[in-house]
Amino acid sequence: MNSVSIQIEDFDFAGEWRALRDAVSGEAGAVVAFAGLVRDRFDDQIVRSLFLEHYPGMTERSIERIMTTASTRFGLLAVRVIHRVGELYPGDQVVLVLCAASHRAHAFEACQFVMDYLKTDAIFWKKETSATDAHWVRSTTDDQRRVERWKD
Amino acid sequence: MNSVSIQIEDFDFAGEWRALRDAVSGEAGAVVAFAGLVRDRFDDQIVRSLFLEHYPGMTERSIERIMTTASTRFGLLAVRVIHRVGELYPGDQVVLVLCAASHRAHAFEACQFVMDYLKTDAIFWKKETSATDAHWVRSTTDDQRRVERWKD
Amino acid sequence: MNVHVRLFAQAREAAGAGQIDVLGLSPEADVNELVDRLGGQCGERLHEALRAPGVRAAVNQEIVDCGYRLTDGDEVAFLPRVTGG
Amino acid sequence: MNVHVRLFAQAREAAGAGQIDVLGLSPEADVNELVDRLGGQCGERLHEALRAPGVRAAVNQEIVDCGYRLTDGDEVAFLPRVTGG
């Protein structure tokens with residue numbers, strides 16, 4: 001069970017959790033979930049809202065590639081990604097990554113791997129509106145550095 | 001918001017998730033959840049059930065110590081642990097660890113730290129009933145090794 | 001030759017539109033020629049946004065380089081540097 | 001002197017009970033003495049379980065060593081090697 005959804009509406013964490021658990025019941029010893037939330041501050045600026053834009057079709061495929069790589073590399077039993085787009089506000093959920101594996105080390109690593117590559121390779125553009133301005137956000141060098149550690 | 005519960009009944013993942021998110025809304029950028037599930041196999045043996053026993057009071061304190069250490073070390077905004085005891089079956093949820101932090105690296109590390117120490121230091125005894133026998137499980141050397149990496 | 005152009009983020013804002021049909025391109029037109037044509041059609045601000053460092057072009061959702069020869073009916077997207085998820 | 005004993009896992013199974021009241025210990029009794037007394041009271045199987053490698057004693061929920069001197073009313077727990085969470 002590998003699937004990705006890009007959607008405007010909020011996601012039902014509990015429902016996603018249950019569906020994944022049911023799909024891997026008995027075989028999986030570990031499920032790791034990551035949720036990214038909109039923070040109310042960024043570099044000491046108060047964040048009013050975040051606008052996310054994607055390229056339907058191409059964005060999904062950019063994420064599927066990451067999921068497939070993670071699945072193979074870490075022997076995942078299931079991986080699920082949901083990413084929201086549109087206008088989001090502090091406290092809102094932006095992204096959910098769920099990874100199920102037999103053992104916890106693999107589930108943890110895979111979930112980090114997916115998040116690290118989402119941050120650098122997934123096709124999203126983010127515009128941040130602060131108290132004083134609005135600007136398109138660039139991928140950070142810290143994110144670039146984090147993804148390097150997965151390369152041999 | 002740091003709290004631990006030891007309970008026989010299953011936990012309400014969705015409710016726990018919501019409570020934690022509400023507690024850290026705006027400040028937190030990342031929530032990592034780990035759930036441990038009962039597997040249907042262990043060392044090629046079919047697992048029929050798992051019985052967990054604890055020492056009320058002392059077990060909670062053994063977990064609180066781990067949570068406090070993780071909180072300080074990784075600057076957590078919140079950490080929540082729920083551990084079930086009693087008779088459990090393949091597919092059942094055994095343990096839930098939720099960690100919220102400003103940034104994802106800390107949330108991921110903290111959640112792994114808590115799980116690694118839970119596996120070695122938390123006061124639980126597990127008896128596994130397989131198709132052929134029943135025996136008390138020992139902490140694995142793999143778990144011991146994993147906890148070593150957190151020591152300076 | 002006609003193509004359908006999709007613009008995102010800074011490029012979309014510069015054009016004031018996310019989708020633009022470009023009609024009557026020369027039969028041998030490549031991505032470079034399309035960029036110049038879009039500049040002429042929509043203004044210097046879009047031209048600059050499409051020439052900004054890191055902007056990639058995709059034809060029918062596959063990344064191509066700027067010398068890629070277009071075909072009638074192609075969907076051509078211009079992707080400013082992504083922020084990631 | 002009386003103490004309240006709590007047993008877990010293998011030790012609990014060996015005794016056939018999770019809680020045992022031990023009455024009339026000598027006023028200077030330590031954990032070692034309590035272990036021997038429990039062996040006498042509940043049988044060799046429990047004695048062996050309490051002497052097994054890795055078993056720790058806790059008095060009023062604090063780990064102590066086997067020479068720890070008990071006080072009337074103490075709760076004394078014997079903790080076989082834990083499996084962890």
# chains A, B, ... in the order shown; residues from 1 in each chain; ligands from 1
$ residues_around --residues "Ile8 in chain A" --least-positions-apart "3" --cutoff "9 Å" --atoms "only C-alpha atoms" --output "JSON, numbers by chain"
{"A": [83, 84, 85, 86, 87]}
$ write_last_selection --atoms "N, CA and C atoms" --output "mmCIF file, in the first residue's frame"
data_model
loop_
_atom_site.group_PDB
_atom_site.id
_atom_site.type_symbol
_atom_site.label_atom_id
_atom_site.label_comp_id
_atom_site.auth_asym_id
_atom_site.auth_seq_id
_atom_site.Cartn_x
_atom_site.Cartn_y
_atom_site.Cartn_z
ATOM 1 N N HIS A 83 -0.111 15.604 1.154
ATOM 2 C CA HIS A 83 0.431 16.960 1.204
ATOM 3 C C HIS A 83 -0.674 17.933 0.851
ATOM 4 N N ARG A 84 -0.809 18.946 1.672
ATOM 5 C CA ARG A 84 -1.839 19.950 1.387
ATOM 6 C C ARG A 84 -1.276 21.084 0.537
ATOM 7 N N VAL A 85 -2.157 21.709 -0.212
ATOM 8 C CA VAL A 85 -1.806 22.899 -0.981
ATOM 9 C C VAL A 85 -2.870 23.968 -0.712
ATOM 10 N N GLY A 86 -2.611 25.172 -1.212
ATOM 11 C CA GLY A 86 -3.553 26.269 -0.987
ATOM 12 C C GLY A 86 -3.097 27.117 0.187
ATOM 13 N N GLU A 87 -4.028 27.849 0.754
ATOM 14 C CA GLU A 87 -3.714 28.799 1.823
ATOM 15 C C GLU A 87 -3.778 28.094 3.176
#
$ residues_around --residues "range 138-144 of chain B" --least-positions-apart "2" --cutoff "7 Å" --atoms "only C-alpha atoms" --output "number ranges by chain"
B: 116, 119-120, 136, 146-148; D: 82-84
$ closest_atom_pairs --of "chain A" --to "chain B" --cutoff "6 Å" --atoms "only C-alpha atoms" --output "CSV"
residue,atom,partner,partner_atom,distance
A:Ala14,CA,B:Ala14,CA,4.8
A:Ser25,CA,B:Gly91,CA,4.6
A:Gly26,CA,B:Gly91,CA,4.6
A:Glu27,CA,B:Arg39,CA,5.5
A:Gly29,CA,B:Leu37,CA,4.7
A:Ala30,CA,B:Gly36,CA,4.8
A:Val31,CA,B:Ala35,CA,5.2
A:Val32,CA,B:Phe34,CA,4.6
A:Ala33,CA,B:Ala33,CA,4.9
A:Phe34,CA,B:Val32,CA,4.6
A:Ala35,CA,B:Val31,CA,5.2
A:Gly36,CA,B:Ala30,CA,4.8
A:Leu37,CA,B:Gly29,CA,4.7
A:Val38,CA,B:Gly29,CA,6.0
A:Arg39,CA,B:Gly26,CA,4.7
A:Asp40,CA,B:Gly26,CA,4.8
A:Pro90,CA,B:Gly26,CA,5.0
A:Gly91,CA,B:Gly26,CA,4.5
$ residues_around --residues "range 48-55 of chain D" --least-positions-apart "4" --cutoff "10 Å" --atoms "only C-alpha atoms" --output "NGL selection string"
:D and (7 or 9-15 or 32 or 35-36 or 38-39 or 43-44 or 78-82)
$ select_by_dssp --residues "chain C" --states "alpha helix (DSSP H)" --output "list in words"
Ala9, Gln10, Ala11, Arg12, Glu13, Ala14, Ala15, Val31, Asn32, Glu33, Leu34, Val35, Asp36, Arg37, Leu38, Gly39, Gly40, Gln41, Cys42, Glu44, Arg45, Leu46, His47, Glu48, Ala49, Leu50 and Arg51 of chain C
$ atom_distance --atom1 "CA of Arg45 in chain C" --atom2 "CA of Gln45 in chain A"
27.9 Å
$ atom_distance --atom1 "CA of Leu52 in chain B" --atom2 "CA of Ile123 in chain B"
10.3 Å
$ select_by_dssp --residues "chain B" --states "strand (DSSP E)" --output "MDAnalysis selection string"
chainID B and resid 2:7 30:37 41:42 45:54 78:84 86:88 93:101 124:130 134:136
$ write_last_selection --atoms "C-alpha atoms" --output "PDB file, in the first residue's frame"
ATOM      1  CA  ASN B   2       4.685  15.718  29.215  1.00  0.00           C
ATOM      2  CA  SER B   3       2.677  12.738  30.322  1.00  0.00           C
ATOM      3  CA  VAL B   4       2.761   8.985  30.503  1.00  0.00           C
ATOM      4  CA  SER B   5      -0.072   6.468  30.829  1.00  0.00           C
ATOM      5  CA  ILE B   6       0.111   2.745  31.418  1.00  0.00           C
ATOM      6  CA  GLN B   7      -3.173   1.091  30.590  1.00  0.00           C
ATOM      7  CA  ALA B  30       6.943  18.856  13.576  1.00  0.00           C
ATOM      8  CA  VAL B  31       5.198  16.024  15.343  1.00  0.00           C
ATOM      9  CA  VAL B  32       6.625  12.521  15.147  1.00  0.00           C
ATOM     10  CA  ALA B  33       4.570   9.557  16.308  1.00  0.00           C
ATOM     11  CA  PHE B  34       5.783   6.045  16.828  1.00  0.00           C
ATOM     12  CA  ALA B  35       3.459   3.123  17.373  1.00  0.00           C
ATOM     13  CA  GLY B  36       4.679  -0.339  18.206  1.00  0.00           C
ATOM     14  CA  LEU B  37       2.440  -3.185  17.092  1.00  0.00           C
ATOM     15  CA  ARG B  41       6.115 -13.775  14.101  1.00  0.00           C
ATOM     16  CA  PHE B  42       9.209 -13.598  16.227  1.00  0.00           C
ATOM     17  CA  GLN B  45       7.923 -18.628  15.581  1.00  0.00           C
ATOM     18  CA  ILE B  46       4.249 -17.854  15.169  1.00  0.00           C
ATOM     19  CA  VAL B  47       3.213 -15.532  17.985  1.00  0.00           C
ATOM     20  CA  ARG B  48      -0.189 -16.208  19.507  1.00  0.00           C
ATOM     21  CA  SER B  49      -0.148 -13.536  22.191  1.00  0.00           C
ATOM     22  CA  LEU B  50       2.021 -11.288  24.272  1.00  0.00           C
ATOM     23  CA  PHE B  51       1.482 -10.656  27.974  1.00  0.00           C
ATOM     24  CA  LEU B  52       2.902  -7.447  29.447  1.00  0.00           C
ATOM     25  CA  GLU B  53       3.400  -6.864  33.130  1.00  0.00           C
ATOM     26  CA  HIS B  54       4.572  -3.716  34.941  1.00  0.00           C
ATOM     27  CA  ALA B  78       5.652  18.109  24.254  1.00  0.00           C
ATOM     28  CA  VAL B  79       6.133  14.400  24.685  1.00  0.00           C
ATOM     29  CA  ARG B  80       3.482  11.787  25.383  1.00  0.00           C
ATOM     30  CA  VAL B  81       3.896   8.071  26.032  1.00  0.00           C
ATOM     31  CA  ILE B  82       1.167   5.461  26.312  1.00  0.00           C
ATOM     32  CA  HIS B  83       2.066   1.871  27.030  1.00  0.00           C
ATOM     33  CA  ARG B  84      -0.355  -0.987  27.224  1.00  0.00           C
ATOM     34  CA  GLY B  86      -2.021  -7.221  29.877  1.00  0.00           C
ATOM     35  CA  GLU B  87      -2.766  -9.710  27.124  1.00  0.00           C
ATOM     36  CA  LEU B  88      -2.168  -8.467  23.570  1.00  0.00           C
ATOM     37  CA  GLN B  93      -0.998  -1.469  19.399  1.00  0.00           C
ATOM     38  CA  VAL B  94       1.440  -1.804  22.311  1.00  0.00           C
ATOM     39  CA  VAL B  95       3.083   1.570  22.667  1.00  0.00           C
ATOM     40  CA  LEU B  96       2.626   5.097  21.385  1.00  0.00           C
ATOM     41  CA  VAL B  97       5.256   7.832  21.582  1.00  0.00           C
ATOM     42  CA  LEU B  98       4.459  11.347  20.386  1.00  0.00           C
ATOM     43  CA  CYS B  99       7.112  14.080  20.246  1.00  0.00           C
ATOM     44  CA  ALA B 100       6.546  17.679  19.165  1.00  0.00           C
ATOM     45  CA  ALA B 101       9.366  20.089  18.391  1.00  0.00           C
ATOM     46  CA  PHE B 124       8.139  -4.074  31.722  1.00  0.00           C
ATOM     47  CA  TRP B 125       8.206  -7.816  31.468  1.00  0.00           C
ATOM     48  CA  LYS B 126       6.902  -9.530  28.358  1.00  0.00           C
ATOM     49  CA  LYS B 127       5.808 -13.113  28.051  1.00  0.00           C
ATOM     50  CA  GLU B 128       5.387 -14.429  24.564  1.00  0.00           C
ATOM     51  CA  THR B 129       3.088 -17.326  23.785  1.00  0.00           C
ATOM     52  CA  SER B 130       3.970 -19.024  20.507  1.00  0.00           C
ATOM     53  CA  ALA B 134       5.470 -19.582  26.360  1.00  0.00           C
ATOM     54  CA  HIS B 135       8.528 -17.742  27.634  1.00  0.00           C
ATOM     55  CA  TRP B 136       9.606 -14.459  29.188  1.00  0.00           C
TER      56      TRP B 136
END
$ atom_distance --atom1 "CA of Val59 in chain D" --atom2 "CA of Val31 in chain D"
9.0 Å
$ closest_residue --among "C:Leu46, C:Val64, C:Ala57, C:Val22" --to "Val5 in chain C" --atoms "only C-alpha atoms"
C:Val22
$ decode --residues "range 5-20 of chain D" --atoms "all heavy atoms" --output "mmCIF file, in the first residue's frame"
data_model
loop_
_atom_site.group_PDB
_atom_site.id
_atom_site.type_symbol
_atom_site.label_atom_id
_atom_site.label_comp_id
_atom_site.auth_asym_id
_atom_site.auth_seq_id
_atom_site.Cartn_x
_atom_site.Cartn_y
_atom_site.Cartn_z
ATOM 1 N N VAL D 5 5.659 -7.838 50.138
ATOM 2 C CA VAL D 5 6.513 -8.216 49.013
ATOM 3 C C VAL D 5 5.712 -8.223 47.707
ATOM 4 O O VAL D 5 4.574 -8.703 47.674
ATOM 5 C CB VAL D 5 7.142 -9.608 49.248
ATOM 6 C CG1 VAL D 5 7.864 -10.112 47.995
ATOM 7 C CG2 VAL D 5 8.092 -9.549 50.431
ATOM 8 N N ARG D 6 6.333 -7.662 46.657
ATOM 9 C CA ARG D 6 5.696 -7.718 45.328
ATOM 10 C C ARG D 6 6.607 -8.491 44.387
ATOM 11 O O ARG D 6 7.810 -8.259 44.335
ATOM 12 C CB ARG D 6 5.458 -6.311 44.791
ATOM 13 C CG ARG D 6 4.536 -5.515 45.725
ATOM 14 C CD ARG D 6 3.945 -4.346 45.024
ATOM 15 N NE ARG D 6 3.164 -4.776 43.868
ATOM 16 C CZ ARG D 6 2.227 -4.017 43.299
ATOM 17 N NH1 ARG D 6 1.960 -2.819 43.781
ATOM 18 N NH2 ARG D 6 1.572 -4.456 42.256
ATOM 19 N N LEU D 7 6.003 -9.371 43.635
ATOM 20 C CA LEU D 7 6.767 -10.231 42.722
ATOM 21 C C LEU D 7 6.256 -10.060 41.291
ATOM 22 O O LEU D 7 5.058 -9.859 41.078
ATOM 23 C CB LEU D 7 6.611 -11.698 43.141
ATOM 24 C CG LEU D 7 7.055 -12.009 44.571
ATOM 25 C CD1 LEU D 7 6.627 -13.422 44.960
ATOM 26 C CD2 LEU D 7 8.562 -11.842 44.736
ATOM 27 N N PHE D 8 7.176 -10.156 40.344
ATOM 28 C CA PHE D 8 6.816 -9.957 38.942
ATOM 29 C C PHE D 8 7.367 -11.077 38.070
ATOM 30 O O PHE D 8 8.368 -11.706 38.412
ATOM 31 C CB PHE D 8 7.360 -8.613 38.456
ATOM 32 C CG PHE D 8 6.790 -7.464 39.239
ATOM 33 C CD1 PHE D 8 7.479 -6.952 40.329
ATOM 34 C CD2 PHE D 8 5.558 -6.924 38.916
ATOM 35 C CE1 PHE D 8 6.941 -5.913 41.072
ATOM 36 C CE2 PHE D 8 5.015 -5.884 39.646
ATOM 37 C CZ PHE D 8 5.710 -5.376 40.739
ATOM 38 N N ALA D 9 6.713 -11.252 36.939
ATOM 39 C CA ALA D 9 7.188 -12.141 35.860
ATOM 40 C C ALA D 9 7.550 -13.535 36.400
ATOM 41 O O ALA D 9 6.728 -14.150 37.089
ATOM 42 C CB ALA D 9 8.351 -11.487 35.107
ATOM 43 N N GLN D 10 8.781 -14.008 36.117
ATOM 44 C CA GLN D 10 9.192 -15.351 36.530
ATOM 45 C C GLN D 10 9.048 -15.553 38.047
ATOM 46 O O GLN D 10 8.649 -16.620 38.503
ATOM 47 C CB GLN D 10 10.658 -15.622 36.157
ATOM 48 C CG GLN D 10 10.970 -15.542 34.675
ATOM 49 C CD GLN D 10 11.456 -14.165 34.241
ATOM 50 O OE1 GLN D 10 10.968 -13.147 34.735
ATOM 51 N NE2 GLN D 10 12.404 -14.147 33.308
ATOM 52 N N ALA D 11 9.382 -14.513 38.823
ATOM 53 C CA ALA D 11 9.310 -14.633 40.279
ATOM 54 C C ALA D 11 7.854 -14.781 40.738
ATOM 55 O O ALA D 11 7.535 -15.579 41.621
ATOM 56 C CB ALA D 11 9.964 -13.417 40.935
ATOM 57 N N ARG D 12 6.981 -14.020 40.129
ATOM 58 C CA ARG D 12 5.558 -14.114 40.464
ATOM 59 C C ARG D 12 5.030 -15.517 40.145
ATOM 60 O O ARG D 12 4.315 -16.132 40.938
ATOM 61 C CB ARG D 12 4.762 -13.062 39.679
ATOM 62 C CG ARG D 12 3.249 -13.153 39.870
ATOM 63 C CD ARG D 12 2.491 -12.095 39.082
ATOM 64 N NE ARG D 12 2.832 -12.058 37.670
ATOM 65 C CZ ARG D 12 2.468 -12.978 36.771
ATOM 66 N NH1 ARG D 12 1.749 -14.033 37.139
ATOM 67 N NH2 ARG D 12 2.825 -12.860 35.510
ATOM 68 N N GLU D 13 5.434 -16.040 38.978
ATOM 69 C CA GLU D 13 4.981 -17.370 38.597
ATOM 70 C C GLU D 13 5.531 -18.442 39.539
ATOM 71 O O GLU D 13 4.838 -19.401 39.884
ATOM 72 C CB GLU D 13 5.403 -17.680 37.153
ATOM 73 C CG GLU D 13 4.605 -16.870 36.144
ATOM 74 C CD GLU D 13 4.972 -17.187 34.698
ATOM 75 O OE1 GLU D 13 6.132 -17.578 34.440
ATOM 76 O OE2 GLU D 13 4.110 -17.034 33.833
ATOM 77 N N ALA D 14 6.790 -18.252 39.952
ATOM 78 C CA ALA D 14 7.411 -19.233 40.850
ATOM 79 C C ALA D 14 6.696 -19.264 42.200
ATOM 80 O O ALA D 14 6.566 -20.316 42.825
ATOM 81 C CB ALA D 14 8.894 -18.908 41.028
ATOM 82 N N ALA D 15 6.227 -18.098 42.634
ATOM 83 C CA ALA D 15 5.545 -18.036 43.933
ATOM 84 C C ALA D 15 4.065 -18.367 43.806
ATOM 85 O O ALA D 15 3.405 -18.698 44.798
ATOM 86 C CB ALA D 15 5.708 -16.636 44.526
ATOM 87 N N GLY D 16 3.549 -18.222 42.607
ATOM 88 C CA GLY D 16 2.108 -18.417 42.422
ATOM 89 C C GLY D 16 1.297 -17.257 42.967
ATOM 90 O O GLY D 16 0.088 -17.360 43.172
ATOM 91 N N ALA D 17 1.968 -16.125 43.225
ATOM 92 C CA ALA D 17 1.272 -14.944 43.758
ATOM 93 C C ALA D 17 2.097 -13.698 43.468
ATOM 94 O O ALA D 17 3.329 -13.762 43.442
ATOM 95 C CB ALA D 17 1.077 -15.079 45.270
ATOM 96 N N GLY D 18 1.421 -12.586 43.250
ATOM 97 C CA GLY D 18 2.124 -11.336 42.956
ATOM 98 C C GLY D 18 2.426 -10.522 44.199
ATOM 99 O O GLY D 18 3.289 -9.660 44.195
ATOM 100 N N GLN D 19 1.699 -10.813 45.284
ATOM 101 C CA GLN D 19 1.910 -10.049 46.510
ATOM 102 C C GLN D 19 1.874 -11.006 47.697
ATOM 103 O O GLN D 19 0.988 -11.857 47.790
ATOM 104 C CB GLN D 19 0.824 -8.978 46.661
ATOM 105 C CG GLN D 19 0.679 -8.137 45.386
ATOM 106 C CD GLN D 19 0.064 -6.764 45.628
ATOM 107 O OE1 GLN D 19 0.104 -6.237 46.738
ATOM 108 N NE2 GLN D 19 -0.498 -6.176 44.583
ATOM 109 N N ILE D 20 2.831 -10.854 48.585
ATOM 110 C CA ILE D 20 2.929 -11.725 49.755
ATOM 111 C C ILE D 20 3.271 -10.866 50.962
ATOM 112 O O ILE D 20 4.178 -10.034 50.898
ATOM 113 C CB ILE D 20 4.056 -12.775 49.567
ATOM 114 C CG1 ILE D 20 3.749 -13.704 48.374
ATOM 115 C CG2 ILE D 20 4.268 -13.589 50.849
ATOM 116 C CD1 ILE D 20 4.919 -14.587 47.975
#
